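J.: Take this structure first; my questions come after.
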Amino acid sequence: MVELNPFRSWVPKAVGVVYSLLMLVICMSVDCVYSSLLNENVGIRGMQSDDVQWALFCLVTGMCAGAPFVSRLLRICRLRAINVIGLTLMIAIEYLARDVETPLVYALLSLTMGFVRMPCMMVNMMAMLTYLTGKNMATVFEDAPERTEEQWQKTMRIIILGMAFMYLVLMSMQQVGTSFSAWVAYVLYTRSVYDLMILFMATMLVLTIALMERPRMDNLPAVPEGDTRWPFTAGRMMSAVFFMVCGCTFAWATTHGYNQDWFNSAAVRLNYAASLVFLGAFLLTDCLRPKDKRYWDYEILALPSARWALLIFFLAIILNSSSLLVTICSQLTMHLDQWHSACLSMWAWVGYVLATLLVALTFKFIHYRHYWTVAISFFTAYALSLYLTVQTEMEYSHLVWLTVVRAMGLFLIYATCMALSFYRRPGSLLASWILIMLFTRNLIGNALGIAFYQQHMLEGQLEYLQSYAPSYSGMMAVQGMIGSIKQLSGITFWIGLAVVIFLLACNWDWLKGKKSPVRASEYADCKD
């Protein structure tokens with residue numbers, strides 16, 4: 001379990017809280033790619049934009065793979081050691097990533113960074129909450145006593161409010177990191193982002209050694225029978241490697257497919273085949289182990305609440321991938337550079353705040369399943385507004401409105417689907433849920449969504465040029481892309497409307513307690 005007070009006795013509580021917040025900012029924002037510097041990375045490193053996008057998905061894959069180790073790292077009860085090792089590794093990776101120009105090396109560094117930063121972020125978050133409340137928040141990874149349906153519904157209302165505020169804090173920190181990296185690259189140069197992050201992490205490393213103390217090891221929680229205190233066993237690491245190769249090969253094929261004519265390309269076919277082979281190897285090797293030695297727990301997929309949450313996450317992320325339309329529209333119609341594009345993206349934080357206020361004011365009166373419909377409705381309104389107003393000359397204020405509305409929909413999905421995942425879920429399945437949730441939401445959903453929009457934008461632009469502009473010109477290319485954006489925003493509207501109708505038509509009786517999705521015997525099995 002996390003120590004109630006990991007700091008030295010002379011450290012004021014305010015200093016400890018600031019330290020924890022700074023660690024979370026680092027873990028939320030440090031990486032090798034920096035999404036706000038995509039164009040600069042392409043220009044400076046000489047790589048294709050698809051390679052940089054692939055490295056970004058490799059970072060997500062590493063974060064997914066690191067999630068199952070979180071609960072076991074909490075059992076070690078060594079926050080100081082985890083931060084020292086984590087910061088040291090992240091400094092080394094960041095230093096190597098400054099000048100690398102080889103796509104494969106860049107992707108491997110991103111993958112390793114994601115694997116390191118995810119456990120470090122989660123452990124520090126639990127430690128900060130424990131330090132603030134005086135209650136060991138690591139117990140969320142343990143099974144709680146079974147509740148009645150009435151108790152579950154009451155608990156769910158509390159969870160959804162807590163999730164909204166937690167996501168507001170996390171996404172605000174991520175927004176700070178993204179804005180900082182974009183500003184530094186704009187004022188100085190791209191490499192300065194890496195240098196300053198290294199300096200920031202080195203300072204935090206010194207503060208970690210100075211402010212934190214080694215815990216007493218004579219009161220550690222017991223290790224489950226058959227398990228080991230050291231979480232990174234050979235079997236689990238082998239499963240993690242299989243999982244990461246599966247995710248990275250899938251991401252490569254998806255990010256490069258639209259430029260290589262998809263399955264007509266031998267490289268795309270090979271990567272998709274490799275993804276399936278390593279997925280099979282991952283599932284086979286993990287299933288053959290005893291339950292207490294597995295990399296992750298497959299029981300999470302037996303819970304209807306988890307399956308519904310994954311489905312809604314997937315549909316929402318596909319719709320959210322349409323944010324690419326606004327990004328390209330701002331660059332075409334206003335010629336915004338990376339810093340001013342990042343400023344436009346900062347307006348998403350206003351959407352996060354408004355969505356949090358909406359939850360805070362209505363969570364006692366609205367069933368959480370209705371938030372999903374409201375969220376998808378925001379995506380639908382965003383797509384309709386873009387369809388009606390997109391043109392070669394657009395106002396900045398309208399793009400701000402679109403960014404805020406889309407962010408409100410995304411935030412509601414994040415908070416409410418995470419809350420849904422807690423419904424009748426044993427705490428021991430939390431680490432497994434984080435893996436499958438990140439894999440579905442950030443990797444599968446994002447990769448397929450971005451590939452869909454990129455492919456159709458290129459096809460729409462090509463059709464426009466072939467039909468209306470036999471003699472190619474820059475203005476005609478812009479007109480073709482604008483026409484493609486208009487068409488895709490219309491498609492997004494109809495997809496969003498179909499999802500809204502689907503959510504309204506579904507039978508949600510099991511969420512009202514009329515039908516229990518998990519029998520008591522099954523719940524007991526999960527606990528065992």
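Going by the structure tokens order, chains are called A, B, ..., each with residues numbered from 1, while ligands are numbered from 1 in the order shown.
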If we count only C-alpha atoms, what is near Ala419 of chain A at a cut-off of 9 Å, once residues fewer than 5 positions away on the same chain are taken out, given as a list in words?
T.: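 Surrounding residues, per the criterion: Met156, Arg157, Ile159, Ile160, Leu161, Gly162, Met163, Ala164, Ala309, Tyr368 and Tyr414 of chain A.
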J.: For Thr333 of chain A, which residue among A:Met481, A:Leu279, A:Met201, A:Ile495 is the nearest when counting only C-alpha atoms?
T.: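 Nearest candidate to Thr333 of chain A out of A:Met481, A:Leu279, A:Met201, A:Ile495: A:Met481.
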J.: Determine the nearest neighbour of Leu59 of chain A from the options A:Thr389, A:Asn264, A:Gln174, A:Ser110, counting only C-alpha atoms.
T.: A:Ser110
J.: Between A:Leu196, A:Val176, A:Cys417, A:Val326, which is the closest to Val404 of chain A once you count only C-alpha atoms?
T.: A:Val326
J.: Near Phe263 of chain A, counting only C-alpha atoms, which residues have an atom at most 10 Å away, once you skip same-chain residues fewer than 6 positions from it, shown as number ranges by chain?
T.: A: 253, 257, 269-270, 272
J.: Would you save the residues from that selection as a short mmCIF file (atom, residue, chain, number, x, y, z; two decimals), in the first residue's frame, using all heavy atoms?
T.:
```cif
data_model
loop_
_atom_site.label_atom_id
_atom_site.label_comp_id
_atom_site.auth_asym_id
_atom_site.auth_seq_id
_atom_site.Cartn_x
_atom_site.Cartn_y
_atom_site.Cartn_z
N ALA A 253 0.34 -0.25 -39.29
CA ALA A 253 -0.49 -0.53 -40.46
C ALA A 253 -1.61 0.50 -40.60
O ALA A 253 -1.95 0.93 -41.71
CB ALA A 253 -1.07 -1.93 -40.36
N GLY A 257 -1.43 3.05 -43.64
CA GLY A 257 -2.25 2.38 -44.64
C GLY A 257 -2.79 3.30 -45.71
O GLY A 257 -2.78 2.97 -46.91
N ARG A 269 -0.08 -5.48 -45.06
CA ARG A 269 -0.56 -6.84 -44.81
C ARG A 269 0.31 -7.55 -43.79
O ARG A 269 -0.18 -8.25 -42.89
CB ARG A 269 -0.59 -7.63 -46.12
CG ARG A 269 -1.61 -7.15 -47.13
CD ARG A 269 -1.88 -8.21 -48.19
NE ARG A 269 -0.66 -8.60 -48.89
CZ ARG A 269 -0.21 -8.04 -50.00
NH1 ARG A 269 -0.90 -7.02 -50.55
NH2 ARG A 269 0.88 -8.45 -50.60
N LEU A 270 1.62 -7.37 -43.90
CA LEU A 270 2.55 -8.02 -42.99
C LEU A 270 2.36 -7.53 -41.56
O LEU A 270 2.37 -8.31 -40.60
CB LEU A 270 3.98 -7.77 -43.44
CG LEU A 270 5.10 -8.38 -42.57
CD1 LEU A 270 4.97 -9.90 -42.55
CD2 LEU A 270 6.47 -7.96 -43.08
N TYR A 272 -0.40 -6.12 -40.21
CA TYR A 272 -1.67 -6.61 -39.67
C TYR A 272 -1.57 -8.08 -39.29
O TYR A 272 -2.09 -8.51 -38.25
CB TYR A 272 -2.79 -6.41 -40.70
CG TYR A 272 -3.45 -5.05 -40.62
CD1 TYR A 272 -3.64 -4.28 -41.77
CD2 TYR A 272 -3.88 -4.54 -39.40
CE1 TYR A 272 -4.24 -3.03 -41.71
CE2 TYR A 272 -4.48 -3.29 -39.33
CZ TYR A 272 -4.65 -2.54 -40.48
OH TYR A 272 -5.25 -1.30 -40.40
#
```
J.: Which distance in Å separates atom CA of Trp349 of chain A and atom CA of Ile26 of chain A, to one decimal?
T.: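 Between atom CA of Trp349 of chain A and atom CA of Ile26 of chain A the gap works out to 18.4 Å.
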J.: Have a look at A:Leu420, A:Leu384, A:Leu412, A:Val25 and name the one nearest to Gly177 of chain A; count only C-alpha atoms.
T.: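 Going through A:Leu420, A:Leu384, A:Leu412, A:Val25 one by one, the smallest distance to Gly177 of chain A is for A:Val25.
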J.: Pick the closest to Ala65 of chain A from A:Thr492, A:Ser239, A:Asn83, A:Thr233: which is it, counting only C-alpha atoms?
T.: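 Among the listed residues, A:Ser239 lies closest to Ala65 of chain A.
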J.: When DSSP works through the backbone of this structure, what residues of segment 66-272 of chain A end up as alpha helix (DSSP H), shown as a ChimeraX atom specification?
T.: /A:66,70-76,79-97,103-133,149-187,190-211,234-257,266-272
J.: When distances are computed from only C-alpha atoms, which of A:Gly114, A:Thr102, A:Arg72, A:Met126 shows the smallest separation from Leu24 of chain A?
T.: A:Met126
J.: Kindly give the distance, in Å, that separates atom CA of Tyr295 of chain A and atom CA of Ala281 of chain A, rounded to a single decimal.
T.: 12.9 Å
J.: Select from segment 380-429 of chain A every residue with an atom at most 10 Å from any atom of segment 352-363 of chain A, then for each give the shortest pair of atoms and their distance in Å to one decimal, using only C-alpha atoms, rows by chain and rising number, as a tab-separated table.
T.:
```
residue	atom	partner	partner_atom	distance
A:Val404	CA	A:Tyr352	CA	8.0
A:Val405	CA	A:Ala355	CA	9.5
A:Arg406	CA	A:Tyr352	CA	9.7
A:Ala407	CA	A:Tyr352	CA	6.2
A:Met408	CA	A:Ala355	CA	5.2
A:Gly409	CA	A:Ala355	CA	7.8
A:Leu410	CA	A:Tyr352	CA	8.4
A:Phe411	CA	A:Tyr352	CA	5.8
A:Leu412	CA	A:Ala355	CA	6.3
A:Ala415	CA	A:Thr356	CA	8.9
A:Thr416	CA	A:Val359	CA	9.3
```
J.: Write out, as a PDB file, in the first residue's frame, the residues just selected, with all heavy atoms.
T.:
```pdb
ATOM      1  N   VAL A 404     -14.924  24.043 -28.000  1.00  0.00           N
ATOM      2  CA  VAL A 404     -15.543  23.940 -26.676  1.00  0.00           C
ATOM      3  C   VAL A 404     -16.639  22.882 -26.662  1.00  0.00           C
ATOM      4  O   VAL A 404     -16.709  22.050 -25.739  1.00  0.00           O
ATOM      5  CB  VAL A 404     -16.102  25.315 -26.243  1.00  0.00           C
ATOM      6  CG1 VAL A 404     -16.945  25.181 -24.975  1.00  0.00           C
ATOM      7  CG2 VAL A 404     -14.964  26.310 -26.018  1.00  0.00           C
ATOM      8  N   VAL A 405     -17.494  22.874 -27.683  1.00  0.00           N
ATOM      9  CA  VAL A 405     -18.597  21.918 -27.721  1.00  0.00           C
ATOM     10  C   VAL A 405     -18.081  20.481 -27.828  1.00  0.00           C
ATOM     11  O   VAL A 405     -18.553  19.580 -27.127  1.00  0.00           O
ATOM     12  CB  VAL A 405     -19.544  22.236 -28.903  1.00  0.00           C
ATOM     13  CG1 VAL A 405     -20.570  21.132 -29.085  1.00  0.00           C
ATOM     14  CG2 VAL A 405     -20.246  23.564 -28.659  1.00  0.00           C
ATOM     15  N   ARG A 406     -17.087  20.262 -28.689  1.00  0.00           N
ATOM     16  CA  ARG A 406     -16.532  18.913 -28.822  1.00  0.00           C
ATOM     17  C   ARG A 406     -15.872  18.461 -27.527  1.00  0.00           C
ATOM     18  O   ARG A 406     -16.000  17.304 -27.114  1.00  0.00           O
ATOM     19  CB  ARG A 406     -15.516  18.877 -29.974  1.00  0.00           C
ATOM     20  CG  ARG A 406     -14.942  17.494 -30.241  1.00  0.00           C
ATOM     21  CD  ARG A 406     -13.768  17.575 -31.191  1.00  0.00           C
ATOM     22  NE  ARG A 406     -12.728  18.475 -30.717  1.00  0.00           N
ATOM     23  CZ  ARG A 406     -11.825  18.144 -29.801  1.00  0.00           C
ATOM     24  NH1 ARG A 406     -11.828  16.943 -29.258  1.00  0.00           N
ATOM     25  NH2 ARG A 406     -10.915  19.026 -29.422  1.00  0.00           N
ATOM     26  N   ALA A 407     -15.170  19.387 -26.851  1.00  0.00           N
ATOM     27  CA  ALA A 407     -14.508  19.042 -25.590  1.00  0.00           C
ATOM     28  C   ALA A 407     -15.527  18.667 -24.510  1.00  0.00           C
ATOM     29  O   ALA A 407     -15.271  17.777 -23.698  1.00  0.00           O
ATOM     30  CB  ALA A 407     -13.636  20.208 -25.120  1.00  0.00           C
ATOM     31  N   MET A 408     -16.681  19.334 -24.495  1.00  0.00           N
ATOM     32  CA  MET A 408     -17.712  18.984 -23.515  1.00  0.00           C
ATOM     33  C   MET A 408     -18.207  17.551 -23.743  1.00  0.00           C
ATOM     34  O   MET A 408     -18.368  16.781 -22.789  1.00  0.00           O
ATOM     35  CB  MET A 408     -18.885  19.963 -23.617  1.00  0.00           C
ATOM     36  CG  MET A 408     -18.575  21.357 -23.125  1.00  0.00           C
ATOM     37  SD  MET A 408     -19.993  22.473 -23.249  1.00  0.00           S
ATOM     38  CE  MET A 408     -21.085  21.772 -21.997  1.00  0.00           C
ATOM     39  N   GLY A 409     -18.415  17.178 -25.010  1.00  0.00           N
ATOM     40  CA  GLY A 409     -18.842  15.816 -25.300  1.00  0.00           C
ATOM     41  C   GLY A 409     -17.800  14.794 -24.904  1.00  0.00           C
ATOM     42  O   GLY A 409     -18.113  13.761 -24.291  1.00  0.00           O
ATOM     43  N   LEU A 410     -16.536  15.073 -25.216  1.00  0.00           N
ATOM     44  CA  LEU A 410     -15.461  14.144 -24.883  1.00  0.00           C
ATOM     45  C   LEU A 410     -15.326  13.980 -23.374  1.00  0.00           C
ATOM     46  O   LEU A 410     -15.168  12.866 -22.862  1.00  0.00           O
ATOM     47  CB  LEU A 410     -14.150  14.648 -25.481  1.00  0.00           C
ATOM     48  CG  LEU A 410     -12.916  13.772 -25.237  1.00  0.00           C
ATOM     49  CD1 LEU A 410     -13.074  12.420 -25.921  1.00  0.00           C
ATOM     50  CD2 LEU A 410     -11.647  14.474 -25.721  1.00  0.00           C
ATOM     51  N   PHE A 411     -15.404  15.081 -22.643  1.00  0.00           N
ATOM     52  CA  PHE A 411     -15.232  15.018 -21.192  1.00  0.00           C
ATOM     53  C   PHE A 411     -16.360  14.221 -20.537  1.00  0.00           C
ATOM     54  O   PHE A 411     -16.114  13.418 -19.623  1.00  0.00           O
ATOM     55  CB  PHE A 411     -15.190  16.435 -20.616  1.00  0.00           C
ATOM     56  CG  PHE A 411     -14.834  16.473 -19.154  1.00  0.00           C
ATOM     57  CD1 PHE A 411     -13.513  16.560 -18.760  1.00  0.00           C
ATOM     58  CD2 PHE A 411     -15.815  16.407 -18.178  1.00  0.00           C
ATOM     59  CE1 PHE A 411     -13.182  16.576 -17.411  1.00  0.00           C
ATOM     60  CE2 PHE A 411     -15.495  16.418 -16.840  1.00  0.00           C
ATOM     61  CZ  PHE A 411     -14.164  16.512 -16.450  1.00  0.00           C
ATOM     62  N   LEU A 412     -17.597  14.441 -20.978  1.00  0.00           N
ATOM     63  CA  LEU A 412     -18.715  13.690 -20.406  1.00  0.00           C
ATOM     64  C   LEU A 412     -18.556  12.190 -20.648  1.00  0.00           C
ATOM     65  O   LEU A 412     -18.867  11.376 -19.777  1.00  0.00           O
ATOM     66  CB  LEU A 412     -20.034  14.181 -20.993  1.00  0.00           C
ATOM     67  CG  LEU A 412     -20.569  15.522 -20.484  1.00  0.00           C
ATOM     68  CD1 LEU A 412     -21.839  15.897 -21.221  1.00  0.00           C
ATOM     69  CD2 LEU A 412     -20.818  15.465 -18.978  1.00  0.00           C
ATOM     70  N   ALA A 415     -15.746  10.866 -18.210  1.00  0.00           N
ATOM     71  CA  ALA A 415     -16.157  10.772 -16.807  1.00  0.00           C
ATOM     72  C   ALA A 415     -17.234   9.714 -16.598  1.00  0.00           C
ATOM     73  O   ALA A 415     -17.146   8.893 -15.683  1.00  0.00           O
ATOM     74  CB  ALA A 415     -16.643  12.138 -16.324  1.00  0.00           C
ATOM     75  N   THR A 416     -18.251   9.703 -17.451  1.00  0.00           N
ATOM     76  CA  THR A 416     -19.384   8.809 -17.205  1.00  0.00           C
ATOM     77  C   THR A 416     -19.083   7.362 -17.567  1.00  0.00           C
ATOM     78  O   THR A 416     -19.567   6.441 -16.904  1.00  0.00           O
ATOM     79  CB  THR A 416     -20.623   9.284 -17.997  1.00  0.00           C
ATOM     80  OG1 THR A 416     -20.287   9.393 -19.390  1.00  0.00           O
ATOM     81  CG2 THR A 416     -21.091  10.627 -17.502  1.00  0.00           C
TER      82      THR A 416
END
```
J.: Suppose you want the space between atom CA of Thr203 of chain A and atom CA of Ser179 of chain A; what is it in Å?
T.: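 Between these atoms lies a distance of 20.5 Å.
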